[in-house]
file final.cif (mmCIF, C-alpha atoms)
data_work
#
loop_
_atom_site.label_atom_id
_atom_site.label_comp_id
_atom_site.auth_asym_id
_atom_site.auth_seq_id
_atom_site.Cartn_x
_atom_site.Cartn_y
_atom_site.Cartn_z
CA MET M 1 -149.87 5.41 26.63
CA THR M 2 -153.13 7.32 27.06
CA LYS M 3 -156.27 5.47 25.98
CA LYS M 4 -158.92 7.61 24.32
CA ILE M 5 -162.47 6.49 25.12
CA ILE M 6 -165.89 7.65 23.98
CA ILE M 7 -168.65 7.09 26.53
CA THR M 8 -172.16 7.81 25.27
CA GLY M 9 -174.98 8.84 27.60
CA THR M 10 -172.71 10.43 30.22
CA SER M 11 -175.54 12.56 31.60
CA GLY M 12 -177.40 9.33 32.45
CA TYR M 13 -177.13 6.99 35.42
CA VAL M 14 -174.50 4.42 34.39
CA GLY M 15 -172.76 6.62 31.81
CA LYS M 16 -172.15 9.35 34.39
CA ALA M 17 -170.66 6.85 36.84
CA LEU M 18 -168.33 5.48 34.13
CA LEU M 19 -167.27 9.02 33.23
CA GLU M 20 -166.41 9.79 36.86
CA HIS M 21 -164.58 6.48 37.19
CA PHE M 22 -162.36 6.74 34.12
CA SER M 23 -161.69 10.48 34.40
CA SER M 24 -160.25 9.84 37.88
CA LEU M 25 -157.70 7.36 36.51
CA GLU M 26 -154.38 8.11 34.88
CA ASN M 27 -153.76 7.30 31.21
CA TYR M 28 -157.35 7.85 30.08
CA PHE M 29 -158.89 10.69 28.12
CA ILE M 30 -162.66 10.62 27.84
CA TYR M 31 -164.92 12.03 25.16
CA ALA M 32 -168.27 12.38 26.91
CA PHE M 33 -171.15 12.17 24.42
CA GLN M 34 -174.26 13.69 25.99
CA ARG M 35 -177.29 15.80 25.14
CA LYS M 36 -176.07 19.05 26.72
CA ILE M 37 -172.57 20.38 27.28
CA PRO M 38 -172.03 21.31 30.97
CA LYS M 39 -170.71 24.75 31.87
CA GLU M 40 -168.00 23.35 34.11
CA THR M 41 -165.12 21.39 32.58
CA THR M 42 -163.61 18.22 34.00
CA LYS M 43 -160.01 17.09 33.92
CA ASN M 44 -159.25 14.54 31.17
CA VAL M 45 -162.72 15.01 29.64
CA SER M 46 -163.92 16.62 26.43
CA TYR M 47 -167.69 16.99 26.06
CA VAL M 48 -169.42 16.39 22.74
CA GLU M 49 -173.09 17.22 22.14
CA TYR M 50 -174.72 13.98 21.07
CA HIS M 51 -178.20 12.76 20.24
CA LEU M 52 -179.03 9.26 19.04
CA GLU M 53 -181.01 10.80 16.17
CA GLN M 54 -178.17 12.86 14.76
CA GLU M 55 -175.71 12.19 11.97
CA LEU M 56 -172.16 11.60 13.17
CA ASN M 57 -168.98 13.50 12.37
CA ASP M 58 -165.88 11.52 11.44
CA SER M 59 -163.74 14.04 13.31
CA ASP M 60 -165.31 12.94 16.62
CA PHE M 61 -164.06 9.38 16.08
CA LYS M 62 -160.50 10.08 14.97
CA ASP M 63 -157.81 8.30 17.04
CA ILE M 64 -160.38 6.84 19.47
CA ASP M 65 -159.49 3.45 20.97
CA ILE M 66 -162.75 2.29 22.57
CA LEU M 67 -166.42 3.25 22.64
CA ILE M 68 -168.59 2.41 25.66
CA HIS M 69 -172.21 2.74 24.59
CA CYS M 70 -174.64 3.59 27.40
CA ALA M 71 -176.97 6.09 25.74
CA TYR M 72 -180.60 5.00 25.60
CA LYS M 73 -183.78 6.89 24.78
CA PRO M 74 -186.93 5.49 26.47
CA LEU M 75 -189.60 4.36 24.04
CA LEU M 76 -192.94 5.84 25.02
CA SER M 77 -195.23 3.83 22.74
CA ASN M 78 -195.27 0.63 20.72
CA ASN M 79 -195.64 2.66 17.53
CA GLU M 80 -192.60 4.83 18.16
CA GLU M 81 -189.57 4.24 15.96
CA ASP M 82 -186.71 2.67 17.89
CA ILE M 83 -184.13 5.43 17.63
CA ASN M 84 -181.84 3.37 19.88
CA PHE M 85 -181.45 0.74 17.16
CA SER M 86 -180.90 3.17 14.27
CA GLY M 87 -178.66 5.43 16.36
CA THR M 88 -176.51 2.55 17.55
CA LYS M 89 -176.22 1.19 14.02
CA LYS M 90 -174.68 4.52 12.95
CA LEU M 91 -172.26 4.37 15.90
CA ILE M 92 -171.18 0.85 15.00
CA GLU M 93 -170.56 1.86 11.38
CA LYS M 94 -168.31 4.72 12.51
CA CYS M 95 -166.45 2.42 14.88
CA ARG M 96 -165.84 -0.12 12.12
CA THR M 97 -164.53 2.63 9.81
CA HIS M 98 -162.11 3.93 12.46
CA ASN M 99 -161.17 0.53 13.99
CA ILE M 100 -162.68 1.42 17.37
CA LYS M 101 -163.44 -1.36 19.83
CA ILE M 102 -166.99 -1.43 21.21
CA ILE M 103 -168.40 -2.17 24.67
CA PHE M 104 -172.21 -2.24 24.66
CA LEU M 105 -174.14 -2.14 27.93
CA SER M 106 -177.18 -4.37 27.57
CA THR M 107 -179.45 -6.05 30.12
CA VAL M 108 -180.33 -9.54 31.36
CA SER M 109 -183.91 -8.76 30.30
CA ALA M 110 -182.74 -8.86 26.66
CA GLN M 111 -184.09 -12.36 26.07
CA GLU M 112 -186.02 -13.63 23.05
CA HIS M 113 -189.24 -14.35 24.98
CA ILE M 114 -189.46 -10.99 26.81
CA THR M 115 -191.66 -8.52 24.96
CA SER M 116 -191.05 -5.18 26.68
CA ARG M 117 -189.87 -2.52 24.23
CA TYR M 118 -186.73 -2.03 26.32
CA ALA M 119 -185.76 -5.71 26.16
CA VAL M 120 -186.61 -6.01 22.46
CA SER M 121 -184.59 -2.88 21.68
CA LYS M 122 -181.52 -4.09 23.56
CA MET M 123 -181.80 -7.55 21.99
CA SER M 124 -182.00 -6.10 18.48
CA ILE M 125 -178.87 -4.02 19.12
CA GLU M 126 -176.97 -7.04 20.44
CA LYS M 127 -177.58 -8.71 17.07
CA LEU M 128 -175.81 -5.82 15.31
CA LEU M 129 -172.61 -6.60 17.18
CA ASP M 130 -169.94 -9.23 16.58
CA ILE M 131 -168.73 -10.99 19.75
CA GLN M 132 -165.54 -11.91 17.91
CA LYS M 133 -164.75 -8.16 17.89
CA ASP M 134 -167.00 -6.51 20.47
CA VAL M 135 -168.03 -6.77 24.11
CA ILE M 136 -171.64 -7.10 25.26
CA LEU M 137 -172.29 -6.70 28.99
CA LYS M 138 -175.72 -7.98 30.00
CA LEU M 139 -176.26 -6.23 33.33
CA GLY M 140 -178.67 -7.15 36.09
CA LEU M 141 -180.52 -4.41 37.99
CA VAL M 142 -177.74 -1.90 38.68
CA ILE M 143 -177.54 -1.07 42.39
CA GLY M 144 -176.41 2.52 42.75
CA ASN M 145 -177.55 6.07 43.39
CA GLY M 146 -179.87 6.44 40.42
CA GLY M 147 -181.88 4.66 37.76
CA LEU M 148 -184.65 2.17 38.40
CA PHE M 149 -183.07 0.97 41.65
CA MET M 150 -183.18 4.43 43.24
CA LYS M 151 -186.83 4.84 42.25
CA MET M 152 -187.64 1.54 43.96
CA PHE M 153 -185.55 2.43 47.02
CA SER M 154 -187.27 5.82 47.37
CA PHE M 155 -190.71 4.23 46.98
CA ILE M 156 -190.05 1.76 49.81
CA LYS M 157 -188.75 4.63 51.94
CA LYS M 158 -191.97 6.64 51.55
CA ILE M 159 -194.85 4.21 51.08
CA PRO M 160 -195.99 1.78 53.85
CA PHE M 161 -198.13 -0.39 51.54
CA VAL M 162 -196.14 -1.98 48.74
CA PRO M 163 -197.90 -3.65 45.79
CA ILE M 164 -196.16 -6.75 44.46
CA PHE M 165 -197.43 -8.89 41.65
CA ASP M 166 -198.19 -12.60 41.97
CA ASN M 167 -196.76 -12.78 45.52
CA GLY M 168 -193.42 -11.34 44.46
CA VAL M 169 -191.87 -14.67 43.51
CA GLN M 170 -190.10 -13.32 40.40
CA LYS M 171 -186.31 -13.72 40.51
CA LEU M 172 -184.22 -10.56 40.31
CA GLN M 173 -180.58 -10.50 39.22
CA TYR M 174 -178.43 -7.53 40.21
CA ILE M 175 -174.96 -5.97 40.07
CA SER M 176 -173.41 -3.07 41.96
CA LEU M 177 -172.66 0.06 39.93
CA ILE M 178 -169.18 0.11 41.47
CA ASP M 179 -168.57 -3.38 40.10
CA VAL M 180 -169.80 -2.37 36.63
CA CYS M 181 -167.10 0.33 36.54
CA LYS M 182 -164.45 -2.08 37.80
CA ILE M 183 -165.33 -4.71 35.20
CA CYS M 184 -165.23 -2.15 32.37
CA SER M 185 -161.72 -1.16 33.48
CA LEU M 186 -160.53 -4.76 33.47
CA ILE M 187 -162.00 -5.39 30.03
CA ILE M 188 -160.30 -2.32 28.59
CA ASP M 189 -156.90 -3.21 30.09
CA ASP M 190 -156.69 -6.27 27.87
CA PHE M 191 -159.69 -6.08 25.56
CA LYS M 192 -161.68 -9.25 26.16
CA VAL M 193 -164.32 -9.73 23.49
CA GLY M 194 -167.48 -11.73 24.17
CA ASN M 195 -170.99 -11.68 25.59
CA TYR M 196 -170.88 -11.50 29.39
CA VAL M 197 -173.70 -11.79 31.94
CA ILE M 198 -172.60 -9.39 34.66
CA VAL M 199 -174.62 -10.30 37.75
CA LYS M 200 -174.08 -11.52 41.28
CA LYS M 201 -174.74 -15.26 41.37
CA GLU M 202 -177.27 -14.79 44.20
CA THR M 203 -180.79 -14.03 43.00
CA LEU M 204 -183.50 -12.36 45.07
CA THR M 205 -187.24 -12.70 44.80
CA MET M 206 -188.93 -9.36 44.34
CA LYS M 207 -190.53 -9.66 47.76
CA LEU M 208 -187.20 -10.37 49.47
CA PHE M 209 -185.60 -7.53 47.52
CA TYR M 210 -188.18 -5.09 48.90
CA LYS M 211 -187.94 -6.57 52.40
CA LYS M 212 -184.18 -6.10 52.47
CA ILE M 213 -184.57 -2.44 51.51
CA ALA M 214 -187.25 -1.94 54.19
CA ASN M 215 -185.05 -3.64 56.83
CA HIS M 216 -182.09 -1.45 55.85
CA LEU M 217 -184.29 1.63 56.27
CA GLY M 218 -185.73 0.36 59.55
CA LYS M 219 -189.23 0.60 58.08
CA LYS M 220 -192.14 -1.78 58.53
CA ARG M 221 -193.78 -2.40 55.19
CA PHE M 222 -196.94 -4.28 54.24
CA PHE M 223 -196.96 -6.18 50.97
CA ILE M 224 -200.11 -6.45 48.89
CA SER M 225 -200.09 -9.15 46.24
CA ILE M 226 -201.80 -8.10 43.00
CA SER M 227 -202.30 -10.10 39.82
CA THR M 228 -200.06 -9.17 36.93
CA SER M 229 -202.96 -8.23 34.63
CA PHE M 230 -204.52 -5.93 37.25
CA LEU M 231 -201.17 -4.30 38.06
CA LEU M 232 -200.53 -3.66 34.37
CA ARG M 233 -203.90 -1.87 34.16
CA LEU M 234 -203.13 0.05 37.37
CA LEU M 235 -199.73 1.15 36.09
CA GLY M 236 -201.25 2.16 32.77
CA PHE M 237 -203.77 4.34 34.61
CA THR M 238 -201.21 5.95 36.96
CA GLN M 239 -198.95 6.74 34.01
CA SER M 240 -201.85 8.28 32.09
CA ILE M 241 -202.54 10.74 34.94
CA GLY M 242 -198.86 11.50 35.49
CA LEU M 243 -198.46 9.65 38.81
CA LYS M 244 -194.96 8.20 39.03
CA LEU M 245 -194.48 4.79 40.63
CA PRO M 246 -191.12 3.00 41.00
CA VAL M 247 -191.91 0.64 38.12
CA SER M 248 -193.57 1.20 34.78
CA THR M 249 -195.57 -1.09 32.52
CA GLU M 250 -192.32 -1.66 30.61
CA ASN M 251 -190.54 -2.75 33.80
CA LEU M 252 -193.41 -5.08 34.70
CA LYS M 253 -193.49 -6.69 31.26
CA GLY M 254 -189.77 -7.32 31.57
CA LEU M 255 -190.10 -8.88 35.02
CA LYS M 256 -193.20 -10.91 34.22
CA ASN M 257 -191.44 -13.48 32.04
CA MET M 258 -187.93 -13.05 33.41
CA THR M 259 -185.74 -16.12 33.61
CA SER M 260 -182.39 -15.94 35.38
CA LEU M 261 -179.38 -16.10 33.11
CA PRO M 262 -176.27 -17.99 34.21
CA GLN M 263 -173.51 -15.71 35.43
CA HIS M 264 -170.68 -15.25 32.92
CA LEU M 265 -167.80 -13.07 34.13
CA ILE M 266 -164.40 -12.21 32.70
CA THR M 267 -161.65 -14.43 34.09
CA GLU M 268 -160.20 -11.69 36.34
CA ILE M 269 -163.43 -11.48 38.34
CA THR M 270 -165.02 -14.11 40.56
CA ASP M 271 -168.39 -13.99 42.25
CA ALA M 272 -166.64 -13.38 45.57
CA ASP M 273 -165.22 -10.14 44.13
CA LEU M 274 -168.71 -8.75 43.53
CA ARG M 275 -170.67 -6.91 46.20
CA ASP M 276 -173.74 -8.71 47.48
CA PHE M 277 -177.01 -6.88 47.96
CA ASP M 278 -176.63 -6.24 51.69
CA GLU M 279 -173.13 -4.86 51.19
CA SER M 280 -174.34 -2.62 48.37
CA LEU M 281 -177.11 -1.21 50.58
CA LEU M 282 -174.60 0.03 53.16
CA THR M 283 -173.77 3.00 50.94
CA PHE M 284 -177.37 4.28 51.05
CA LYS M 285 -178.63 6.60 53.75
CA LYS M 286 -181.38 5.29 56.02
#
call {"tool": "encode", "arguments": {"input": "final.cif", "output": "structure tokens"}}
result
Amino acid sequence: MTKKIIITGTSGYVGKALLEHFSSLENYFIYAFQRKIPKETTKNVSYVEYHLEQELNDSDFKDIDILIHCAYKPLLSNNEEDINFSGTKKLIEKCRTHNIKIIFLSTVSAQEHITSRYAVSKMSIEKLLDIQKDVILKLGLVIGNGGLFMKMFSFIKKIPFVPIFDNGVQKLQYISLIDVCKICSLIIDDFKVGNYVIVKKETLTMKLFYKKIANHLGKKRFFISISTSFLLRLLGFTQSIGLKLPVSTENLKGLKNMTSLPQHLITEITDADLRDFDESLLTFKK
């Protein structure tokens, strides 16, 4: 029997990968919710124009089995209304009305003590969900061809002097994008409700993370340790003049107080099934 799935944010990094993954499988039909409808059509996919701000049509949710929620709008200021929260609340209400199961992609940075807008937004959305009915996937840094990881990878590729804050001792948790898709498939096969921390058990310090990328690229890089407060001011200045660095003040605030969360995987997956960082890097051109 064909499963009908809504994936929101399919023009974004993770959402696009999930769309490609599920549309390539038999017995799935995907409703891709994204900001603009592409000119070219894709097999087993119907595109729906979607914005977090908009009101929702009941007809778009009829006979849907599962919603995978990836859409996220970056918050540019502390005073900006969190449209992610209000938009997701409307999605959840529609799903409850139509008995649609929900998978929400969150982040390991969604912890009570982390004050970045991104982390606070994701945490507030998690509280709207019911882990007796829904699935929350708290992802580490997603290693794939896009998103924050690709910005960091490209920065290391181009820049010989790499600023790191407080000697780069912060612990980084990660997961391969390929493994995110695989885990979503396994959850859908036999819907497994709960709050899962989807990360490789290995953690990397920020400095080692950058060193591994540099070694993969065959580049010699020099690391300059900068205090967190100074780096926050530096990032604020670069952002104000439009200079793009691989991390933003939001990223730094999230990393500053990061504590590693214990890995929590669905029973069909073990840590040995997940790609480690070196293995994940092999797919990237030097």
call {"tool": "resolve_selection", "arguments": {"input": "final.cif", "expression": "the PyMOL selection byres ((chain M and resi 175) around 9)", "output": "PyMOL selection string"}}
result
chain M and resi 139-143+173-174+176-180+198-200+274-277+280
call {"tool": "write_last_selection", "arguments": {"input": "final.cif", "atoms": "C-alpha atoms", "output": "PDB file, in the coordinates of the input"}}
result
ATOM      1  CA  LEU M 139    -176.260  -6.230  33.330  1.00  0.00           C
ATOM      2  CA  GLY M 140    -178.670  -7.150  36.090  1.00  0.00           C
ATOM      3  CA  LEU M 141    -180.520  -4.410  37.990  1.00  0.00           C
ATOM      4  CA  VAL M 142    -177.740  -1.900  38.680  1.00  0.00           C
ATOM      5  CA  ILE M 143    -177.540  -1.070  42.390  1.00  0.00           C
ATOM      6  CA  GLN M 173    -180.580 -10.500  39.220  1.00  0.00           C
ATOM      7  CA  TYR M 174    -178.430  -7.530  40.210  1.00  0.00           C
ATOM      8  CA  SER M 176    -173.410  -3.070  41.960  1.00  0.00           C
ATOM      9  CA  LEU M 177    -172.660   0.060  39.930  1.00  0.00           C
ATOM     10  CA  ILE M 178    -169.180   0.110  41.470  1.00  0.00           C
ATOM     11  CA  ASP M 179    -168.570  -3.380  40.100  1.00  0.00           C
ATOM     12  CA  VAL M 180    -169.800  -2.370  36.630  1.00  0.00           C
ATOM     13  CA  ILE M 198    -172.600  -9.390  34.660  1.00  0.00           C
ATOM     14  CA  VAL M 199    -174.620 -10.300  37.750  1.00  0.00           C
ATOM     15  CA  LYS M 200    -174.080 -11.520  41.280  1.00  0.00           C
ATOM     16  CA  LEU M 274    -168.710  -8.750  43.530  1.00  0.00           C
ATOM     17  CA  ARG M 275    -170.670  -6.910  46.200  1.00  0.00           C
ATOM     18  CA  ASP M 276    -173.740  -8.710  47.480  1.00  0.00           C
ATOM     19  CA  PHE M 277    -177.010  -6.880  47.960  1.00  0.00           C
ATOM     20  CA  SER M 280    -174.340  -2.620  48.370  1.00  0.00           C
TER      21      SER M 280
END
call {"tool": "resolve_selection", "arguments": {"input": "final.cif", "expression": "the PyMOL selection byres ((chain M and resi 204-207) around 10)", "output": "ChimeraX atom specification"}}
result
/M:162-165,167-174,201-203,208-212,223,225,255,277
call {"tool": "closest_residue", "arguments": {"input": "final.cif", "among": "M:Ile125, M:Leu91, M:Val14, M:Met1", "to": "Cys181 in chain M", "atoms": "only C-alpha atoms"}}
result
M:Val14
call {"tool": "resolve_selection", "arguments": {"input": "final.cif", "expression": "the PyMOL selection byres ((chain M and resi 70) around 6)", "output": "JSON, numbers by chain"}}
result
{"M": [8, 9, 15, 69, 71, 105]}
call {"tool": "residues_around", "arguments": {"input": "final.cif", "residues": "range 31-33 of chain M", "least_positions_apart": "6", "cutoff": "8 Å", "atoms": "all atoms listed in the file", "output": "MDAnalysis selection string"}}
result
chainID M and resid 4:10 19 45:50
call {"tool": "atom_distance", "arguments": {"input": "final.cif", "atom1": "CA of Ile103 in chain M", "atom2": "CA of Ser23 in chain M"}}
result
17.3 Å
call {"tool": "decode", "arguments": {"input": "final.cif", "residues": "range 42-53 of chain M", "atoms": "all heavy atoms", "output": "tab-separated table (two decimals), in the first residue's frame"}}
result
chain	number	residue	atom	x	y	z
M	42	THR	N	8.67	15.73	-10.77
M	42	THR	CA	9.42	14.56	-10.32
M	42	THR	C	8.45	13.41	-10.11
M	42	THR	O	7.33	13.62	-9.63
M	42	THR	CB	10.14	14.87	-8.99
M	42	THR	OG1	10.96	16.03	-9.17
M	42	THR	CG2	11.02	13.70	-8.55
M	43	LYS	N	8.88	12.23	-10.45
M	43	LYS	CA	8.04	11.05	-10.28
M	43	LYS	C	7.67	10.87	-8.80
M	43	LYS	O	8.50	11.05	-7.92
M	43	LYS	CB	8.79	9.81	-10.78
M	43	LYS	CG	7.99	8.52	-10.69
M	43	LYS	CD	8.84	7.34	-11.12
M	43	LYS	CE	8.07	6.03	-10.94
M	43	LYS	NZ	8.90	4.85	-11.30
M	44	ASN	N	6.43	10.53	-8.55
M	44	ASN	CA	5.92	10.26	-7.20
M	44	ASN	C	5.91	11.49	-6.29
M	44	ASN	O	5.88	11.36	-5.07
M	44	ASN	CB	6.72	9.14	-6.51
M	44	ASN	CG	6.68	7.84	-7.28
M	44	ASN	OD1	5.73	7.56	-8.00
M	44	ASN	ND2	7.73	7.04	-7.13
M	45	VAL	N	5.95	12.68	-6.89
M	45	VAL	CA	5.99	13.91	-6.09
M	45	VAL	C	4.95	14.90	-6.60
M	45	VAL	O	4.82	15.12	-7.81
M	45	VAL	CB	7.39	14.58	-6.14
M	45	VAL	CG1	7.39	15.89	-5.36
M	45	VAL	CG2	8.45	13.64	-5.60
M	46	SER	N	4.23	15.50	-5.67
M	46	SER	CA	3.34	16.62	-5.98
M	46	SER	C	3.82	17.81	-5.16
M	46	SER	O	3.98	17.71	-3.94
M	46	SER	CB	1.89	16.28	-5.63
M	46	SER	OG	1.05	17.40	-5.85
M	47	TYR	N	4.07	18.94	-5.81
M	47	TYR	CA	4.59	20.12	-5.13
M	47	TYR	C	3.44	21.03	-4.67
M	47	TYR	O	2.48	21.25	-5.40
M	47	TYR	CB	5.54	20.89	-6.03
M	47	TYR	CG	6.84	20.17	-6.28
M	47	TYR	CD1	6.99	19.32	-7.38
M	47	TYR	CD2	7.91	20.31	-5.39
M	47	TYR	CE1	8.18	18.64	-7.60
M	47	TYR	CE2	9.11	19.63	-5.60
M	47	TYR	CZ	9.23	18.80	-6.70
M	47	TYR	OH	10.41	18.13	-6.91
M	48	VAL	N	3.59	21.54	-3.45
M	48	VAL	CA	2.59	22.44	-2.87
M	48	VAL	C	3.32	23.69	-2.39
M	48	VAL	O	4.28	23.59	-1.62
M	48	VAL	CB	1.87	21.77	-1.68
M	48	VAL	CG1	0.86	22.73	-1.05
M	48	VAL	CG2	1.19	20.48	-2.12
M	49	GLU	N	2.87	24.87	-2.85
M	49	GLU	CA	3.49	26.10	-2.37
M	49	GLU	C	3.16	26.28	-0.89
M	49	GLU	O	2.00	26.22	-0.49
M	49	GLU	CB	2.99	27.30	-3.17
M	49	GLU	CG	3.69	28.60	-2.79
M	49	GLU	CD	3.28	29.77	-3.65
M	49	GLU	OE1	2.67	29.55	-4.72
M	49	GLU	OE2	3.57	30.91	-3.26
M	50	TYR	N	4.20	26.50	-0.11
M	50	TYR	CA	4.02	26.54	1.35
M	50	TYR	C	4.93	27.57	1.99
M	50	TYR	O	6.11	27.67	1.65
M	50	TYR	CB	4.33	25.15	1.94
M	50	TYR	CG	4.38	25.14	3.45
M	50	TYR	CD1	3.22	25.28	4.21
M	50	TYR	CD2	5.60	24.99	4.12
M	50	TYR	CE1	3.28	25.28	5.59
M	50	TYR	CE2	5.66	24.98	5.50
M	50	TYR	CZ	4.49	25.13	6.23
M	50	TYR	OH	4.54	25.13	7.61
M	51	HIS	N	4.35	28.34	2.89
M	51	HIS	CA	5.10	29.29	3.70
M	51	HIS	C	4.65	29.10	5.15
M	51	HIS	O	3.45	28.91	5.41
M	51	HIS	CB	4.84	30.73	3.26
M	51	HIS	CG	5.13	30.97	1.81
M	51	HIS	ND1	6.35	31.40	1.35
M	51	HIS	CD2	4.34	30.83	0.70
M	51	HIS	CE1	6.32	31.52	0.04
M	51	HIS	NE2	5.11	31.16	-0.38
M	52	LEU	N	5.58	29.16	6.07
M	52	LEU	CA	5.24	28.98	7.48
M	52	LEU	C	4.18	29.98	7.94
M	52	LEU	O	3.40	29.71	8.85
M	52	LEU	CB	6.49	29.10	8.34
M	52	LEU	CG	7.40	27.87	8.38
M	52	LEU	CD1	8.81	28.26	8.80
M	52	LEU	CD2	6.84	26.82	9.32
M	53	GLU	N	4.17	31.16	7.31
M	53	GLU	CA	3.25	32.22	7.73
M	53	GLU	C	1.80	31.98	7.30
M	53	GLU	O	0.87	32.57	7.87
M	53	GLU	CB	3.69	33.58	7.15
M	53	GLU	CG	5.10	34.00	7.53
M	53	GLU	CD	6.15	33.53	6.55
M	53	GLU	OE1	5.92	32.52	5.85
M	53	GLU	OE2	7.21	34.18	6.48
